[in-house]
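Chemist: Provided below: start_6.tsv, containing TSV, N, CA and C atoms.
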```tsv
chain	number	residue	atom	x	y	z
A	1	MET	N	110.48	109.60	98.15
A	1	MET	CA	111.65	109.89	98.94
A	1	MET	C	112.44	111.02	98.27
A	2	LYS	N	112.99	111.90	99.07
A	2	LYS	CA	113.73	113.05	98.55
A	2	LYS	C	115.04	112.60	97.92
A	3	ARG	N	115.35	113.17	96.79
A	3	ARG	CA	116.58	112.87	96.07
A	3	ARG	C	117.71	113.69	96.66
A	4	SER	N	118.85	113.07	96.87
A	4	SER	CA	120.01	113.76	97.42
A	4	SER	C	120.59	114.73	96.40
A	5	ARG	N	121.13	115.82	96.88
A	5	ARG	CA	121.76	116.76	95.95
A	5	ARG	C	123.21	116.38	95.69
A	6	PHE	N	123.67	115.33	96.35
A	6	PHE	CA	125.03	114.83	96.17
A	6	PHE	C	124.99	113.46	95.50
A	7	SER	N	125.87	113.26	94.53
A	7	SER	CA	125.97	111.94	93.90
A	7	SER	C	126.88	111.06	94.74
A	8	GLU	N	126.91	109.78	94.40
A	8	GLU	CA	127.77	108.86	95.14
A	8	GLU	C	129.24	109.27	95.03
A	9	VAL	N	129.63	109.74	93.87
A	9	VAL	CA	131.01	110.16	93.64
A	9	VAL	C	131.36	111.33	94.56
A	10	GLN	N	130.45	112.30	94.69
A	10	GLN	CA	130.68	113.45	95.56
A	10	GLN	C	130.72	113.05	97.02
A	11	ILE	N	129.84	112.13	97.41
A	11	ILE	CA	129.81	111.67	98.80
A	11	ILE	C	131.13	111.00	99.17
A	12	ILE	N	131.63	110.15	98.29
A	12	ILE	CA	132.89	109.46	98.56
A	12	ILE	C	134.04	110.47	98.63
A	13	ALA	N	134.00	111.50	97.80
A	13	ALA	CA	135.04	112.54	97.85
A	13	ALA	C	135.01	113.28	99.18
A	14	VAL	N	133.81	113.57	99.69
A	14	VAL	CA	133.68	114.24	100.99
A	14	VAL	C	134.25	113.35	102.09
A	15	LEU	N	133.93	112.06	102.07
A	15	LEU	CA	134.43	111.14	103.08
A	15	LEU	C	135.95	111.02	103.03
A	16	LYS	N	136.51	111.05	101.82
A	16	LYS	CA	137.96	110.94	101.68
A	16	LYS	C	138.68	112.17	102.21
A	17	GLU	N	138.02	113.35	102.15
A	17	GLU	CA	138.62	114.55	102.72
A	17	GLU	C	138.84	114.38	104.22
A	18	GLN	N	137.84	113.80	104.89
A	18	GLN	CA	137.95	113.60	106.33
A	18	GLN	C	139.01	112.55	106.65
A	19	VAL	N	139.09	111.50	105.85
A	19	VAL	CA	140.10	110.46	106.06
A	19	VAL	C	141.49	111.03	105.86
A	20	ALA	N	141.63	111.98	104.95
A	20	ALA	CA	142.94	112.58	104.66
A	20	ALA	C	143.45	113.47	105.78
A	21	GLY	N	142.60	113.74	106.78
A	21	GLY	CA	143.09	114.50	107.91
A	21	GLY	C	142.33	115.76	108.24
A	22	MET	N	141.37	116.14	107.43
A	22	MET	CA	140.58	117.34	107.71
A	22	MET	C	139.57	117.02	108.82
A	23	ALA	N	139.32	117.96	109.69
A	23	ALA	CA	138.38	117.76	110.80
A	23	ALA	C	136.96	117.57	110.25
A	24	THR	N	136.20	116.72	110.92
A	24	THR	CA	134.84	116.43	110.47
A	24	THR	C	133.98	117.68	110.43
A	25	ALA	N	134.08	118.52	111.44
A	25	ALA	CA	133.29	119.75	111.48
A	25	ALA	C	133.64	120.66	110.30
A	26	ASP	N	134.91	120.73	109.94
A	26	ASP	CA	135.33	121.56	108.81
A	26	ASP	C	134.80	121.01	107.49
A	27	VAL	N	134.82	119.70	107.34
A	27	VAL	CA	134.31	119.07	106.12
A	27	VAL	C	132.81	119.35	106.00
A	28	CYS	N	132.08	119.19	107.09
A	28	CYS	CA	130.64	119.44	107.07
A	28	CYS	C	130.32	120.89	106.73
A	29	ARG	N	131.04	121.81	107.35
A	29	ARG	CA	130.82	123.24	107.11
A	29	ARG	C	131.13	123.59	105.65
A	30	ARG	N	132.22	123.03	105.12
A	30	ARG	CA	132.65	123.34	103.76
A	30	ARG	C	131.62	122.90	102.71
A	31	HIS	N	130.98	121.75	102.97
A	31	HIS	CA	130.04	121.20	102.00
A	31	HIS	C	128.58	121.47	102.33
A	32	GLY	N	128.33	122.12	103.47
A	32	GLY	CA	126.97	122.49	103.83
A	32	GLY	C	126.11	121.32	104.25
A	33	ILE	N	126.69	120.37	104.97
A	33	ILE	CA	125.93	119.22	105.46
A	33	ILE	C	126.02	119.16	106.99
A	34	SER	N	125.11	118.43	107.58
A	34	SER	CA	125.13	118.29	109.04
A	34	SER	C	126.05	117.14	109.43
A	35	GLY	N	126.41	117.12	110.69
A	35	GLY	CA	127.23	116.03	111.19
A	35	GLY	C	126.51	114.69	111.09
A	36	ALA	N	125.19	114.71	111.32
A	36	ALA	CA	124.40	113.48	111.23
A	36	ALA	C	124.42	112.93	109.80
A	37	THR	N	124.32	113.82	108.83
A	37	THR	CA	124.38	113.39	107.43
A	37	THR	C	125.74	112.79	107.12
A	38	PHE	N	126.79	113.43	107.61
A	38	PHE	CA	128.13	112.92	107.36
A	38	PHE	C	128.29	111.52	107.91
A	39	TYR	N	127.86	111.30	109.14
A	39	TYR	CA	128.04	109.99	109.75
A	39	TYR	C	127.12	108.93	109.13
A	40	LYS	N	125.96	109.36	108.62
A	40	LYS	CA	125.08	108.43	107.90
A	40	LYS	C	125.76	107.99	106.59
A	41	TRP	N	126.37	108.95	105.89
A	41	TRP	CA	127.11	108.62	104.68
A	41	TRP	C	128.28	107.70	104.99
A	42	LYS	N	128.96	107.98	106.09
A	42	LYS	CA	130.12	107.18	106.47
A	42	LYS	C	129.71	105.74	106.77
A	43	ALA	N	128.56	105.57	107.39
A	43	ALA	CA	128.06	104.22	107.67
A	43	ALA	C	127.71	103.48	106.38
A	44	LYS	N	127.20	104.20	105.40
A	44	LYS	CA	126.76	103.56	104.16
A	44	LYS	C	127.89	103.42	103.14
A	45	PHE	N	128.69	104.48	102.98
A	45	PHE	CA	129.70	104.50	101.91
A	45	PHE	C	131.13	104.43	102.41
A	46	GLY	N	131.34	104.34	103.72
A	46	GLY	CA	132.69	104.32	104.26
A	46	GLY	C	133.50	103.15	103.74
A	47	GLY	N	134.66	103.42	103.18
A	47	GLY	CA	135.53	102.37	102.67
A	47	GLY	C	135.23	101.93	101.25
A	48	LEU	N	134.19	102.49	100.63
A	48	LEU	CA	133.86	102.11	99.26
A	48	LEU	C	134.60	102.98	98.27
A	49	GLU	N	134.85	102.42	97.12
A	49	GLU	CA	135.38	103.18	95.99
A	49	GLU	C	134.21	103.55	95.09
A	50	VAL	N	134.45	104.37	94.09
A	50	VAL	CA	133.38	104.87	93.22
A	50	VAL	C	132.68	103.72	92.50
A	51	THR	N	133.44	102.77	91.97
A	51	THR	CA	132.82	101.67	91.23
A	51	THR	C	131.96	100.80	92.13
A	52	GLU	N	132.40	100.60	93.37
A	52	GLU	CA	131.62	99.80	94.31
A	52	GLU	C	130.33	100.52	94.69
A	53	ALA	N	130.38	101.83	94.82
A	53	ALA	CA	129.19	102.61	95.17
A	53	ALA	C	128.16	102.56	94.04
A	54	LYS	N	128.61	102.64	92.81
A	54	LYS	CA	127.69	102.56	91.68
A	54	LYS	C	127.05	101.18	91.61
A	55	ARG	N	127.84	100.15	91.91
A	55	ARG	CA	127.30	98.79	91.93
A	55	ARG	C	126.26	98.64	93.04
A	56	LEU	N	126.53	99.23	94.20
A	56	LEU	CA	125.59	99.21	95.32
A	56	LEU	C	124.28	99.87	94.93
A	57	ARG	N	124.34	100.98	94.24
A	57	ARG	CA	123.13	101.69	93.82
A	57	ARG	C	122.31	100.85	92.86
A	58	THR	N	122.96	100.20	91.91
A	58	THR	CA	122.20	99.37	90.96
A	58	THR	C	121.55	98.18	91.68
A	59	LEU	N	122.24	97.61	92.65
A	59	LEU	CA	121.65	96.50	93.40
A	59	LEU	C	120.46	96.96	94.23
A	60	GLU	N	120.56	98.15	94.84
A	60	GLU	CA	119.44	98.69	95.61
A	60	GLU	C	118.24	98.96	94.71
A	61	GLU	N	118.47	99.50	93.52
A	61	GLU	CA	117.37	99.75	92.58
A	61	GLU	C	116.73	98.44	92.14
A	62	GLU	N	117.56	97.44	91.91
A	62	GLU	CA	117.05	96.14	91.49
A	62	GLU	C	116.20	95.51	92.60
A	63	ASN	N	116.67	95.62	93.83
A	63	ASN	CA	115.93	95.05	94.95
A	63	ASN	C	114.62	95.79	95.22
A	64	ALA	N	114.57	97.06	94.87
A	64	ALA	CA	113.35	97.85	95.07
A	64	ALA	C	112.23	97.40	94.12
A	65	LYS	N	112.61	96.82	93.00
A	65	LYS	CA	111.61	96.35	92.03
A	65	LYS	C	111.03	95.08	92.49
```
So, in terms of C-alpha cells, how does the structure I just supplied come out?
Modeler:
Amino acid sequence: MKRSRFSEVQIIAVLKEQVAGMATADVCRRHGISGATFYKWKAKFGGLEVTEAKRLRTLEEENAK
C-alpha cells in the first residue's frame, strides 16, 4: 500500500484549517490534495486530536499483525 506523504499531525492541521472557517476548496488547493482525499481524511480523522490519531495508528498496526 502506498505511504501517505502527510503525517497524522499534518492531516489534523489541514482539517482544523477548514473548521476554522477556510473554504474546503481553498484548503485543498493550498495543500495540493483533492476534495475526495480531504473528505476521506475528514471521515477518518475528523474530531480527533493528535494524541488520539497516534493511538489509532498504533491500534491499526497491531490489528494488522
Chemist: So the first atom is atom C of Gly47 in chain A and the second is CA of Ile12 in chain A; what is the distance between them in Å, to one decimal place?
Modeler: 8.3 Å
Chemist: Based on the backbone DSSP call, show me all residues of chain A assigned alpha helix (DSSP H), as a ChimeraX atom specification.
Modeler: /A:8-19,24-31,35-45,50-64
Chemist: Output the selection as a CSV table (one decimal), in the coordinates of the input - N, CA and C atoms for each residue.
Modeler:
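Saved result, result12.csv, follows:
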```
chain,number,residue,atom,x,y,z
A,8,GLU,N,126.9,109.8,94.4
A,8,GLU,CA,127.8,108.9,95.1
A,8,GLU,C,129.2,109.3,95.0
A,9,VAL,N,129.6,109.7,93.9
A,9,VAL,CA,131.0,110.2,93.6
A,9,VAL,C,131.4,111.3,94.6
A,10,GLN,N,130.4,112.3,94.7
A,10,GLN,CA,130.7,113.4,95.6
A,10,GLN,C,130.7,113.0,97.0
A,11,ILE,N,129.8,112.1,97.4
A,11,ILE,CA,129.8,111.7,98.8
A,11,ILE,C,131.1,111.0,99.2
A,12,ILE,N,131.6,110.2,98.3
A,12,ILE,CA,132.9,109.5,98.6
A,12,ILE,C,134.0,110.5,98.6
A,13,ALA,N,134.0,111.5,97.8
A,13,ALA,CA,135.0,112.5,97.8
A,13,ALA,C,135.0,113.3,99.2
A,14,VAL,N,133.8,113.6,99.7
A,14,VAL,CA,133.7,114.2,101.0
A,14,VAL,C,134.2,113.4,102.1
A,15,LEU,N,133.9,112.1,102.1
A,15,LEU,CA,134.4,111.1,103.1
A,15,LEU,C,136.0,111.0,103.0
A,16,LYS,N,136.5,111.0,101.8
A,16,LYS,CA,138.0,110.9,101.7
A,16,LYS,C,138.7,112.2,102.2
A,17,GLU,N,138.0,113.4,102.2
A,17,GLU,CA,138.6,114.6,102.7
A,17,GLU,C,138.8,114.4,104.2
A,18,GLN,N,137.8,113.8,104.9
A,18,GLN,CA,138.0,113.6,106.3
A,18,GLN,C,139.0,112.6,106.6
A,19,VAL,N,139.1,111.5,105.8
A,19,VAL,CA,140.1,110.5,106.1
A,19,VAL,C,141.5,111.0,105.9
A,24,THR,N,136.2,116.7,110.9
A,24,THR,CA,134.8,116.4,110.5
A,24,THR,C,134.0,117.7,110.4
A,25,ALA,N,134.1,118.5,111.4
A,25,ALA,CA,133.3,119.8,111.5
A,25,ALA,C,133.6,120.7,110.3
A,26,ASP,N,134.9,120.7,109.9
A,26,ASP,CA,135.3,121.6,108.8
A,26,ASP,C,134.8,121.0,107.5
A,27,VAL,N,134.8,119.7,107.3
A,27,VAL,CA,134.3,119.1,106.1
A,27,VAL,C,132.8,119.4,106.0
A,28,CYS,N,132.1,119.2,107.1
A,28,CYS,CA,130.6,119.4,107.1
A,28,CYS,C,130.3,120.9,106.7
A,29,ARG,N,131.0,121.8,107.4
A,29,ARG,CA,130.8,123.2,107.1
A,29,ARG,C,131.1,123.6,105.6
A,30,ARG,N,132.2,123.0,105.1
A,30,ARG,CA,132.6,123.3,103.8
A,30,ARG,C,131.6,122.9,102.7
A,31,HIS,N,131.0,121.8,103.0
A,31,HIS,CA,130.0,121.2,102.0
A,31,HIS,C,128.6,121.5,102.3
A,35,GLY,N,126.4,117.1,110.7
A,35,GLY,CA,127.2,116.0,111.2
A,35,GLY,C,126.5,114.7,111.1
A,36,ALA,N,125.2,114.7,111.3
A,36,ALA,CA,124.4,113.5,111.2
A,36,ALA,C,124.4,112.9,109.8
A,37,THR,N,124.3,113.8,108.8
A,37,THR,CA,124.4,113.4,107.4
A,37,THR,C,125.7,112.8,107.1
A,38,PHE,N,126.8,113.4,107.6
A,38,PHE,CA,128.1,112.9,107.4
A,38,PHE,C,128.3,111.5,107.9
A,39,TYR,N,127.9,111.3,109.1
A,39,TYR,CA,128.0,110.0,109.8
A,39,TYR,C,127.1,108.9,109.1
A,40,LYS,N,126.0,109.4,108.6
A,40,LYS,CA,125.1,108.4,107.9
A,40,LYS,C,125.8,108.0,106.6
A,41,TRP,N,126.4,109.0,105.9
A,41,TRP,CA,127.1,108.6,104.7
A,41,TRP,C,128.3,107.7,105.0
A,42,LYS,N,129.0,108.0,106.1
A,42,LYS,CA,130.1,107.2,106.5
A,42,LYS,C,129.7,105.7,106.8
A,43,ALA,N,128.6,105.6,107.4
A,43,ALA,CA,128.1,104.2,107.7
A,43,ALA,C,127.7,103.5,106.4
A,44,LYS,N,127.2,104.2,105.4
A,44,LYS,CA,126.8,103.6,104.2
A,44,LYS,C,127.9,103.4,103.1
A,45,PHE,N,128.7,104.5,103.0
A,45,PHE,CA,129.7,104.5,101.9
A,45,PHE,C,131.1,104.4,102.4
A,50,VAL,N,134.4,104.4,94.1
A,50,VAL,CA,133.4,104.9,93.2
A,50,VAL,C,132.7,103.7,92.5
A,51,THR,N,133.4,102.8,92.0
A,51,THR,CA,132.8,101.7,91.2
A,51,THR,C,132.0,100.8,92.1
A,52,GLU,N,132.4,100.6,93.4
A,52,GLU,CA,131.6,99.8,94.3
A,52,GLU,C,130.3,100.5,94.7
A,53,ALA,N,130.4,101.8,94.8
A,53,ALA,CA,129.2,102.6,95.2
A,53,ALA,C,128.2,102.6,94.0
A,54,LYS,N,128.6,102.6,92.8
A,54,LYS,CA,127.7,102.6,91.7
A,54,LYS,C,127.0,101.2,91.6
A,55,ARG,N,127.8,100.2,91.9
A,55,ARG,CA,127.3,98.8,91.9
A,55,ARG,C,126.3,98.6,93.0
A,56,LEU,N,126.5,99.2,94.2
A,56,LEU,CA,125.6,99.2,95.3
A,56,LEU,C,124.3,99.9,94.9
A,57,ARG,N,124.3,101.0,94.2
A,57,ARG,CA,123.1,101.7,93.8
A,57,ARG,C,122.3,100.8,92.9
A,58,THR,N,123.0,100.2,91.9
A,58,THR,CA,122.2,99.4,91.0
A,58,THR,C,121.6,98.2,91.7
A,59,LEU,N,122.2,97.6,92.6
A,59,LEU,CA,121.6,96.5,93.4
A,59,LEU,C,120.5,97.0,94.2
A,60,GLU,N,120.6,98.2,94.8
A,60,GLU,CA,119.4,98.7,95.6
A,60,GLU,C,118.2,99.0,94.7
A,61,GLU,N,118.5,99.5,93.5
A,61,GLU,CA,117.4,99.8,92.6
A,61,GLU,C,116.7,98.4,92.1
A,62,GLU,N,117.6,97.4,91.9
A,62,GLU,CA,117.0,96.1,91.5
A,62,GLU,C,116.2,95.5,92.6
A,63,ASN,N,116.7,95.6,93.8
A,63,ASN,CA,115.9,95.0,95.0
A,63,ASN,C,114.6,95.8,95.2
A,64,ALA,N,114.6,97.1,94.9
A,64,ALA,CA,113.4,97.8,95.1
A,64,ALA,C,112.2,97.4,94.1
```
Chemist: What gap, in Å, lies between CA of Ile11 in chain A and CA of Glu60 in chain A?
Modeler: 16.9 Å
Chemist: Do you have the atom C of Ser4 in chain A-atom C of Lys40 in chain A distance handy?
Modeler: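 Computing it gives 13.3 Å between the two atoms.
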Chemist: Excluding Glu8 in chain A and residues on its chain fewer than 5 positions from it, collect all residues at most 8 Å away from it, counting only C-alpha atoms, and give them as an mmCIF file with N, CA and C atoms, in the frame of the given file.
Modeler:
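Output below, filename out_17.cif:
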```
data_model
loop_
_atom_site.group_PDB
_atom_site.id
_atom_site.type_symbol
_atom_site.label_atom_id
_atom_site.label_comp_id
_atom_site.auth_asym_id
_atom_site.auth_seq_id
_atom_site.Cartn_x
_atom_site.Cartn_y
_atom_site.Cartn_z
ATOM 1 N N VAL A 50 134.450 104.370 94.090
ATOM 2 C CA VAL A 50 133.380 104.870 93.220
ATOM 3 C C VAL A 50 132.680 103.720 92.500
ATOM 4 N N ALA A 53 130.380 101.830 94.820
ATOM 5 C CA ALA A 53 129.190 102.610 95.170
ATOM 6 C C ALA A 53 128.160 102.560 94.040
ATOM 7 N N LYS A 54 128.610 102.640 92.810
ATOM 8 C CA LYS A 54 127.690 102.560 91.680
ATOM 9 C C LYS A 54 127.050 101.180 91.610
#
```
Chemist: Kindly list the centre and edge lengths in Å, rounded to one decimal, for the axis-aligned box that covers all listed atoms of range 44-59 of chain A plus 6 Å on each of its six sides, as lines of an AutoDock Vina configuration file.
Modeler:
```
center_x = 128.0
center_y = 100.7
center_z = 98.2
size_x = 27.1
size_y = 20.4
size_z = 26.4
```
Chemist: Is it possible to get the residues within 12 Å of (134.4, 114.3, 101.0) (coordinates as in the file, counting only C-alpha atoms) written as a short mmCIF file (atom, residue, chain, number, x, y, z; two decimals) with N, CA and C atoms, in the coordinates of the input?
Modeler:
```cif
data_model
loop_
_atom_site.label_atom_id
_atom_site.label_comp_id
_atom_site.auth_asym_id
_atom_site.auth_seq_id
_atom_site.Cartn_x
_atom_site.Cartn_y
_atom_site.Cartn_z
N PHE A 6 123.67 115.33 96.35
CA PHE A 6 125.03 114.83 96.17
C PHE A 6 124.99 113.46 95.50
N SER A 7 125.87 113.26 94.53
CA SER A 7 125.97 111.94 93.90
C SER A 7 126.88 111.06 94.74
N GLU A 8 126.91 109.78 94.40
CA GLU A 8 127.77 108.86 95.14
C GLU A 8 129.24 109.27 95.03
N VAL A 9 129.63 109.74 93.87
CA VAL A 9 131.01 110.16 93.64
C VAL A 9 131.36 111.33 94.56
N GLN A 10 130.45 112.30 94.69
CA GLN A 10 130.68 113.45 95.56
C GLN A 10 130.72 113.05 97.02
N ILE A 11 129.84 112.13 97.41
CA ILE A 11 129.81 111.67 98.80
C ILE A 11 131.13 111.00 99.17
N ILE A 12 131.63 110.15 98.29
CA ILE A 12 132.89 109.46 98.56
C ILE A 12 134.04 110.47 98.63
N ALA A 13 134.00 111.50 97.80
CA ALA A 13 135.04 112.54 97.85
C ALA A 13 135.01 113.28 99.18
N VAL A 14 133.81 113.57 99.69
CA VAL A 14 133.68 114.24 100.99
C VAL A 14 134.25 113.35 102.09
N LEU A 15 133.93 112.06 102.07
CA LEU A 15 134.43 111.14 103.08
C LEU A 15 135.95 111.02 103.03
N LYS A 16 136.51 111.05 101.82
CA LYS A 16 137.96 110.94 101.68
C LYS A 16 138.68 112.17 102.21
N GLU A 17 138.02 113.35 102.15
CA GLU A 17 138.62 114.55 102.72
C GLU A 17 138.84 114.38 104.22
N GLN A 18 137.84 113.80 104.89
CA GLN A 18 137.95 113.60 106.33
C GLN A 18 139.01 112.55 106.65
N VAL A 19 139.09 111.50 105.85
CA VAL A 19 140.10 110.46 106.06
C VAL A 19 141.49 111.03 105.86
N ALA A 20 141.63 111.98 104.95
CA ALA A 20 142.94 112.58 104.66
C ALA A 20 143.45 113.47 105.78
N GLY A 21 142.60 113.74 106.78
CA GLY A 21 143.09 114.50 107.91
C GLY A 21 142.33 115.76 108.24
N MET A 22 141.37 116.14 107.43
CA MET A 22 140.58 117.34 107.71
C MET A 22 139.57 117.02 108.82
N ALA A 23 139.32 117.96 109.69
CA ALA A 23 138.38 117.76 110.80
C ALA A 23 136.96 117.57 110.25
N THR A 24 136.20 116.72 110.92
CA THR A 24 134.84 116.43 110.47
C THR A 24 133.98 117.68 110.43
N ALA A 25 134.08 118.52 111.44
CA ALA A 25 133.29 119.75 111.48
C ALA A 25 133.64 120.66 110.30
N ASP A 26 134.91 120.73 109.94
CA ASP A 26 135.33 121.56 108.81
C ASP A 26 134.80 121.01 107.49
N VAL A 27 134.82 119.70 107.34
CA VAL A 27 134.31 119.07 106.12
C VAL A 27 132.81 119.35 106.00
N CYS A 28 132.08 119.19 107.09
CA CYS A 28 130.64 119.44 107.07
C CYS A 28 130.32 120.89 106.73
N ARG A 29 131.04 121.81 107.35
CA ARG A 29 130.82 123.24 107.11
C ARG A 29 131.13 123.59 105.65
N ARG A 30 132.22 123.03 105.12
CA ARG A 30 132.65 123.34 103.76
C ARG A 30 131.62 122.90 102.71
N HIS A 31 130.98 121.75 102.97
CA HIS A 31 130.04 121.20 102.00
C HIS A 31 128.58 121.47 102.33
N GLY A 32 128.33 122.12 103.47
CA GLY A 32 126.97 122.49 103.83
C GLY A 32 126.11 121.32 104.25
N ILE A 33 126.69 120.37 104.97
CA ILE A 33 125.93 119.22 105.46
C ILE A 33 126.02 119.16 106.99
N THR A 37 124.32 113.82 108.83
CA THR A 37 124.38 113.39 107.43
C THR A 37 125.74 112.79 107.12
N PHE A 38 126.79 113.43 107.61
CA PHE A 38 128.13 112.92 107.36
C PHE A 38 128.29 111.52 107.91
N TYR A 39 127.86 111.30 109.14
CA TYR A 39 128.04 109.99 109.75
C TYR A 39 127.12 108.93 109.13
N TRP A 41 126.37 108.95 105.89
CA TRP A 41 127.11 108.62 104.68
C TRP A 41 128.28 107.70 104.99
N LYS A 42 128.96 107.98 106.09
CA LYS A 42 130.12 107.18 106.47
C LYS A 42 129.71 105.74 106.77
N PHE A 45 128.69 104.48 102.98
CA PHE A 45 129.70 104.50 101.91
C PHE A 45 131.13 104.43 102.41
N GLY A 46 131.34 104.34 103.72
CA GLY A 46 132.69 104.32 104.26
C GLY A 46 133.50 103.15 103.74
#
```
Chemist: Could you please fill out range 15-26 of chain A with N, CA, C and O atoms and send it back as a compact mmCIF listing (two decimals), keeping the file's coordinate frame?
Modeler:
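Done, and the output landed in rebuild15.txt:
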```txt
# COMPACT_ATOMS: atom_id res chain seq x y z
N LEU A 15 133.93 112.06 102.07
CA LEU A 15 134.43 111.14 103.08
C LEU A 15 135.95 111.02 103.03
O LEU A 15 136.61 110.93 104.07
N LYS A 16 136.51 111.05 101.82
CA LYS A 16 137.96 110.94 101.68
C LYS A 16 138.68 112.17 102.21
O LYS A 16 139.81 112.08 102.68
N GLU A 17 138.02 113.35 102.15
CA GLU A 17 138.62 114.55 102.72
C GLU A 17 138.84 114.38 104.22
O GLU A 17 139.88 114.74 104.75
N GLN A 18 137.84 113.80 104.89
CA GLN A 18 137.95 113.60 106.33
C GLN A 18 139.01 112.55 106.65
O GLN A 18 139.76 112.70 107.59
N VAL A 19 139.09 111.50 105.85
CA VAL A 19 140.10 110.46 106.06
C VAL A 19 141.49 111.03 105.86
O VAL A 19 142.45 110.62 106.53
N ALA A 20 141.63 111.98 104.95
CA ALA A 20 142.94 112.58 104.66
C ALA A 20 143.45 113.47 105.78
O ALA A 20 144.60 113.90 105.74
N GLY A 21 142.60 113.74 106.78
CA GLY A 21 143.09 114.50 107.91
C GLY A 21 142.33 115.76 108.24
O GLY A 21 142.59 116.40 109.26
N MET A 22 141.37 116.14 107.43
CA MET A 22 140.58 117.34 107.71
C MET A 22 139.57 117.02 108.82
O MET A 22 139.03 115.92 108.88
N ALA A 23 139.32 117.96 109.69
CA ALA A 23 138.38 117.76 110.80
C ALA A 23 136.96 117.57 110.25
O ALA A 23 136.57 118.19 109.26
N THR A 24 136.20 116.72 110.92
CA THR A 24 134.84 116.43 110.47
C THR A 24 133.98 117.68 110.43
O THR A 24 133.24 117.90 109.48
N ALA A 25 134.08 118.52 111.44
CA ALA A 25 133.29 119.75 111.48
C ALA A 25 133.64 120.66 110.30
O ALA A 25 132.75 121.29 109.71
N ASP A 26 134.91 120.73 109.94
CA ASP A 26 135.33 121.56 108.81
C ASP A 26 134.80 121.01 107.49
O ASP A 26 134.37 121.77 106.62
```
